[in-house]
Every structure is written in C-alpha cells, then in structure tokens.
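Have a look at the structure below, then the notes.
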Amino acid sequence: MKILSIVFILSVLFVMAGPVFAENKQCENAVMYVEEGGKLIQSEPARAEALFREALRLCPESANASYNIGLSLYSQGKNTEAVDALKVMLNENPDHADAMRMLAYILIKENIDPARGKMIAENILKANPKDEGAKKLVMLALTESLPTTPAAPSDKKALSKQVASIPAAVSDVDTAIPVTKIKNPNAIAVVIGNRDYNDKDIPSVDYALNDAEAVKKYLVNVLGYQEGNIIYEQNASKAKFDAIFGTKENYEGRLYNYLKKGHSDIFVFYSGHGAPDPKTKQGYFVPADADSHAINLTAYPLKQLYDNIAKIAKDMNTPNVFIVVDSCFSGATEKGLLLKNVS
C-alpha cells in the first residue's frame with residue numbers, strides 16, 4: 001500500500017506539473033513580446049500594442065504587458081482608452097507605481113480629470129515622500145490648472161466690461177492644498193508674480209500674484225520646501241531679476257548664494273508678461289518697471305536666465321532643476337499689444 005501511495009502521489013505531481021511548465025513557458029514567451037513591443041512603442045505604437053496584447057494573452061497575470069498596453073494606447077493618442085486600460089491594470093496590481101504615475105500624468109496632462117490625477121500623485125507621495133516622479137506630477141497638476149484670462153473680444157467696450165468683471169482667481173487648486181510629510185530642507189525656490197506694471201501701456205496680468213502665492217504654498221506644504229528658502233517677489237523690477245539670477249557678466253546672484261553645494265534642488269516659477277525683441281526675436285521676462293518702448297534694454301532675457309541657471313547648477317552640483325514659466329512671449333495680450341512702435 002505504501003508503494004502504491006507513493007506511485008499515486010508521483011503520478012499526480014507529474015500530471016499537475018505539465019500545465020505549470022507550459023504556463024511558465026508561455027510567460028517566458030510573453031516577456032519576449034513585451035521586450036519587442038517596448039522597442040516600437042514610440043515609432044510604431046499600434047504594432048507595439050498588438051505585441052503587448054499577445055503577451056497578455058499568453059500570460060494573463062503579466063503586469064508589464066497590461067501596463068504597456070496603456071502606454072501604447074496613449075502613444076497613439078487614444079487617451080480615454082489608455083486611462084481605461086491603466087485602471088483595469090491597477091485593479092489587479094494596485095501597487096504598480098509606474099502605472100499609477102502614468103495614469104496620473106494622462107489625467108492631468110490631457111485634462112481628463114486633473115483633480116483625480118493630482119490626488120493619485122499625492123497618494124504616491126504619502127506612501128513614498130521621495131518619489132521624484134510624483135513630485136513632478138503634483139507641480140504639473142498645479143501649472144496645468146493655472147487660470148488663464150479669457151480671449152479678448154473685438155469690441156473695446158466689451159473688453160473693458162469683461163476685464164472689469166474678472167474676479168480674483170480662486171479654485172480648489174489654490175485652497176485645497178494637502179500637507180505631506182516630504183522634507184526638502186536644502187531646496188531653494190524663486191517664485192515671481194508680476195501683475196502690475198509701471199508703464200501705463202503695459203496691461204496688468206490679473207492672475208499672476210494669485211498663481212505665485214499658490215505655487216509658494218505647494219512648495220511648502222506638498223514638496224517640503226522651507227519657507228525661508230523661497231525667494232518670493234511680487235512685481236519684481238529689472239534690478240530684482242539681476243540680483244536674483246545674476247547678469248550676463250556675473251551669475252552669482254541671490255539664488256547662487258542660497259544654494260548648498262550638492263544638496264539643493266532649484267525651483268523657479270514666473271507668472272507675468274513675456275515679450276520678444278522685435279529684431280532678434282529673443283524672449284524676455286517683463287519686469288514691473290520695464291519700458292514697453294525699449295524691451296530689449298529694460299527686460300530680462302529668457303536665454304540669460306537659462307544660461308545662468310545652467311552655470312549655477314554645474315557649479316553647485318545641483319541634483320534637480322525645475323523651471324515653470326506661465327507666460328506668453330508673443331508680445332500680444334488679451335488687452336492689446338505689449339510692444340509699442342513696432343511695425
């Protein structure tokens with residue numbers, strides 16, 4: 001009886017092992033399909049999708065195949081289908097961080113459900129305060145939801161009435177700011193909101209100060225910046241820009257001096273007017289004391305800011321640099337042309 005029992009057990013194990021080995025082989029083949037699809041996801045996303053779906057057919061529990069189906073759909077511009085695919089995938093794999101980040105990104109970037117996307121990113125940060133991708137998603141949610149002024153009507157009277165009726169922009173982005181446990185004590189930020197201009201020919205930017213204040217709150221409450229490490233300016237002059245970011249000859253301004261070498265992230269936010277030089281087409285930040293007749297002499301060059309920050313980051317071995325600009329550099333505004341005497 002004992003011998004028969006052993007033979008019976010071995011026979012059962014042998015019969016059961018067949019499907020297991022076959023299933024493992026199928027999943028091995030699925031990995032090859034996923035790898036091949038990964039090479040095509042940008043150039044041939046439809047073909048990549050087909051490969052990922054075949055991988056999922058062979059190995060239904062493959063989280064990578066499910067995730068990549070969502071990516072390939074998004075690469076094809078099928079945003080809603082991509083969201084649905086990622087939701088299904090997360091129902092079965094709720095801890096898949098890449099899928100959560102991708103879902104949040106699509107919801108925010110494509111304006112499908114930015115509030116939901118922001119909430120997903122915040123939940124990731126609660127679980128892992130050091131998740132850099134989630135930090136960037138929270139900032140993306142903020143910048144994508146910044147209010148914009150309405151398009152200008154052709155009738156000047158209607159325009160005046162419209163501008164007068166614009167309330168101070170307040171939304172849940174401004175007020176429903178969560179508090180996380182993230183700490184970034186060495187990070188340095190520059191936040192500038194330029195709403196009001198001395199030159200009577202330069203119109204105000206209605207939401208600039210509100211946007212700057214909201215960004216400052218997010219930096220402190222969500223991303224763990226120290227309030228004392230935020231250089232915050234309202235209606236900054238040309239001299240302020242020079243003092244903070246440096247000049248063409250000397251880039252060691254206030255921002256440079258605030259940094260701790262090798263440890264300080266840099267975050268820059270600007271909301272206000274931008275303008276082009278009509279001759280060189282170079283973009284400029286428009287300080288509060290700029291002259292609309294001489295933008296190239298009284299404004300701060302966009303290229304200079306990028307060049308100086310690149311030099312600063314190299315000198316100070318900066319881990320991360322974030323630059324967010326909420327501005328238009330066409331020279332046109334909803335209240336008329338910013339540049340004067342330009343043909």
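Residue numbering restarts at 1 in every chain; chains get A, B, ... in the order shown in the structure tokens, and ligands count up from 1 in that same order.
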Who sits within 10 Å of Leu255 in chain A, only C-alpha atoms, same chain under 5 positions skipped, as a ChimeraX atom specification: /A:188-190,229-231,243-246,266,268,309,312
Filtered DSSP result for range 185-216 of chain A, state strand (DSSP E), as a list in words: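 Filtering range 185-216 of chain A down to strand (DSSP E) leaves Ile188, Ala189, Val190, Val191, Ile192 and Gly193 of chain A.
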Would you put the residues from that selection into a file with N, CA, C and O atoms, as a short mmCIF file (atom, residue, chain, number, x, y, z; two decimals), in the first residue's frame?
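The resulting file, out_2.cif, is reproduced below:
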```cif
data_model
loop_
_atom_site.label_atom_id
_atom_site.label_comp_id
_atom_site.auth_asym_id
_atom_site.auth_seq_id
_atom_site.Cartn_x
_atom_site.Cartn_y
_atom_site.Cartn_z
N ILE A 188 15.97 75.20 -2.85
CA ILE A 188 15.81 76.66 -2.96
C ILE A 188 14.87 76.96 -4.13
O ILE A 188 14.98 76.38 -5.21
N ALA A 189 13.94 77.88 -3.88
CA ALA A 189 12.98 78.25 -4.92
C ALA A 189 12.98 79.76 -5.14
O ALA A 189 13.23 80.53 -4.22
N VAL A 190 12.69 80.14 -6.37
CA VAL A 190 12.42 81.54 -6.71
C VAL A 190 11.01 81.58 -7.29
O VAL A 190 10.72 80.89 -8.27
N VAL A 191 10.14 82.36 -6.67
CA VAL A 191 8.76 82.48 -7.12
C VAL A 191 8.47 83.95 -7.37
O VAL A 191 8.56 84.77 -6.46
N ILE A 192 8.14 84.27 -8.62
CA ILE A 192 7.90 85.67 -9.01
C ILE A 192 6.52 85.78 -9.64
O ILE A 192 6.19 85.04 -10.57
N GLY A 193 5.74 86.72 -9.14
CA GLY A 193 4.45 87.04 -9.75
C GLY A 193 4.41 88.51 -10.12
O GLY A 193 4.46 89.37 -9.23
#
```
Nearest to Lys216 in chain A among A:Phe267, A:Tyr258, A:Tyr197, A:Thr247, with distances taken over only C-alpha atoms: which residue is it?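 Going through A:Phe267, A:Tyr258, A:Tyr197, A:Thr247 one by one, the smallest distance to Lys216 in chain A is for A:Phe267.
When only C-alpha atoms are used to measure the gap to Lys109 in chain A, the shortest distance among A:Ala236, A:Val138, A:Met32, A:Met89 belongs to A:Val138.
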Measuring atom to atom with only C-alpha atoms, identify which of A:Tyr67, A:Phe241, A:Phe322, A:Phe269 is nearest to Pro301 in chain A. A:Phe241
Shell of 12 Å around Lys217 in chain A, only C-alpha atoms, local chain residues under 2 positions omitted, as a PyMOL selection string: chain A and resi 139+142+173-180+189+191+210-215+219-227+230+232
Go ahead and save the residues from that selection, with C-alpha atoms, as a PDB file, in the first residue's frame.
```pdb
ATOM      1  CA  MET A 139       3.669  70.507  -9.882  1.00  0.00           C
ATOM      2  CA  LEU A 142      -0.669  72.931 -10.395  1.00  0.00           C
ATOM      3  CA  VAL A 173      -6.007  74.219  -6.605  1.00  0.00           C
ATOM      4  CA  ASP A 174      -5.459  77.383  -4.569  1.00  0.00           C
ATOM      5  CA  THR A 175      -7.274  76.308  -1.421  1.00  0.00           C
ATOM      6  CA  ALA A 176      -7.354  72.501  -1.199  1.00  0.00           C
ATOM      7  CA  ILE A 177      -3.605  72.165  -0.747  1.00  0.00           C
ATOM      8  CA  PRO A 178      -2.642  68.967   1.066  1.00  0.00           C
ATOM      9  CA  VAL A 179       0.140  68.671   3.608  1.00  0.00           C
ATOM     10  CA  THR A 180       2.620  65.844   3.097  1.00  0.00           C
ATOM     11  CA  ALA A 189      12.978  78.252  -4.922  1.00  0.00           C
ATOM     12  CA  VAL A 191       8.759  82.477  -7.124  1.00  0.00           C
ATOM     13  CA  ASN A 210      -2.550  84.573  -7.055  1.00  0.00           C
ATOM     14  CA  ASP A 211      -0.645  81.967  -9.066  1.00  0.00           C
ATOM     15  CA  ALA A 212       2.641  82.833  -7.386  1.00  0.00           C
ATOM     16  CA  GLU A 213       1.090  82.569  -3.932  1.00  0.00           C
ATOM     17  CA  ALA A 214      -0.460  79.182  -4.770  1.00  0.00           C
ATOM     18  CA  VAL A 215       2.875  77.841  -6.028  1.00  0.00           C
ATOM     19  CA  LEU A 219       6.288  74.186  -2.371  1.00  0.00           C
ATOM     20  CA  VAL A 220       5.972  74.416   1.408  1.00  0.00           C
ATOM     21  CA  ASN A 221       3.010  72.115   2.088  1.00  0.00           C
ATOM     22  CA  VAL A 222       3.459  69.449  -0.582  1.00  0.00           C
ATOM     23  CA  LEU A 223       7.105  69.420  -1.631  1.00  0.00           C
ATOM     24  CA  GLY A 224       8.683  70.167   1.733  1.00  0.00           C
ATOM     25  CA  TYR A 225      10.499  73.423   0.941  1.00  0.00           C
ATOM     26  CA  GLN A 226      11.409  75.672   3.861  1.00  0.00           C
ATOM     27  CA  GLU A 227       9.594  79.000   3.626  1.00  0.00           C
ATOM     28  CA  ILE A 230      11.861  80.625  -1.073  1.00  0.00           C
ATOM     29  CA  TYR A 232       9.387  85.355  -3.234  1.00  0.00           C
TER      30      TYR A 232
END
```
From a DSSP pass on the backbone, collect the residues of range 196-229 of chain A flagged as helix (DSSP H, G or I) and hand them back as a list of chain:residue names. A:Ala208, A:Leu209, A:Asn210, A:Asp211, A:Ala212, A:Glu213, A:Ala214, A:Val215, A:Lys216, A:Lys217, A:Tyr218, A:Leu219, A:Val220, A:Asn221, A:Glu227, A:Gly228, A:Asn229
For the selection you just gave me, I'd like the residues written to a file as a CSV table (one decimal), in the first residue's frame, keeping C-alpha atoms.
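As a result, result.csv now contains:
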```csv
chain,number,residue,atom,x,y,z
A,208,ALA,CA,-0.1,86.5,-11.6
A,209,LEU,CA,0.1,87.2,-7.9
A,210,ASN,CA,-2.6,84.6,-7.1
A,211,ASP,CA,-0.6,82.0,-9.1
A,212,ALA,CA,2.6,82.8,-7.4
A,213,GLU,CA,1.1,82.6,-3.9
A,214,ALA,CA,-0.5,79.2,-4.8
A,215,VAL,CA,2.9,77.8,-6.0
A,216,LYS,CA,4.6,79.0,-2.9
A,217,LYS,CA,2.1,77.2,-0.7
A,218,TYR,CA,2.5,74.0,-2.8
A,219,LEU,CA,6.3,74.2,-2.4
A,220,VAL,CA,6.0,74.4,1.4
A,221,ASN,CA,3.0,72.1,2.1
A,227,GLU,CA,9.6,79.0,3.6
A,228,GLY,CA,12.9,80.8,4.4
A,229,ASN,CA,14.4,79.1,1.3
```
Under the rule that only C-alpha atoms are counted, which of A:Ala187, A:Ala55, A:Ile108, A:Ala48 is the nearest residue to Lys25 in chain A?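 Smallest separation from Lys25 in chain A among the options: A:Ala55.
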Choose the residue, out of A:Asp315, A:Asp84, A:Asp307, A:Glu28, that has the smallest atom-to-atom separation from Cys59 in chain A; count only C-alpha atoms.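 That would be A:Glu28, the residue with the smallest distance to Cys59 in chain A.
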Nearest candidate to Gln234 in chain A (options A:Tyr251, A:Leu302, A:Pro287, A:Asn257; using only C-alpha atoms): A:Pro287
Just want the 10 Å neighbourhood of range 34-37 of chain A, counted on only C-alpha atoms, with same-chain residues fewer than 5 positions away dropped. Output as a ChimeraX atom specification. /A:29,42,44-56,62,64-66,68-69,72
Gap from CA of Ala239 in chain A to CA of Phe285 in chain A - Å, one decimal: 12.5 Å
Which residues, written as a PyMOL selection string, have at least one atom at most 10 Å from Asp131 in chain A, with only C-alpha atoms counted and residues fewer than 6 positions away on the same chain left out? chain A and resi 97+121+124-125+182
Write out as a ChimeraX atom specification the residues lying within 8 Å of Gly262 in chain A, counting only C-alpha atoms and excluding same-chain residues fewer than 5 positions away. /A:316-319
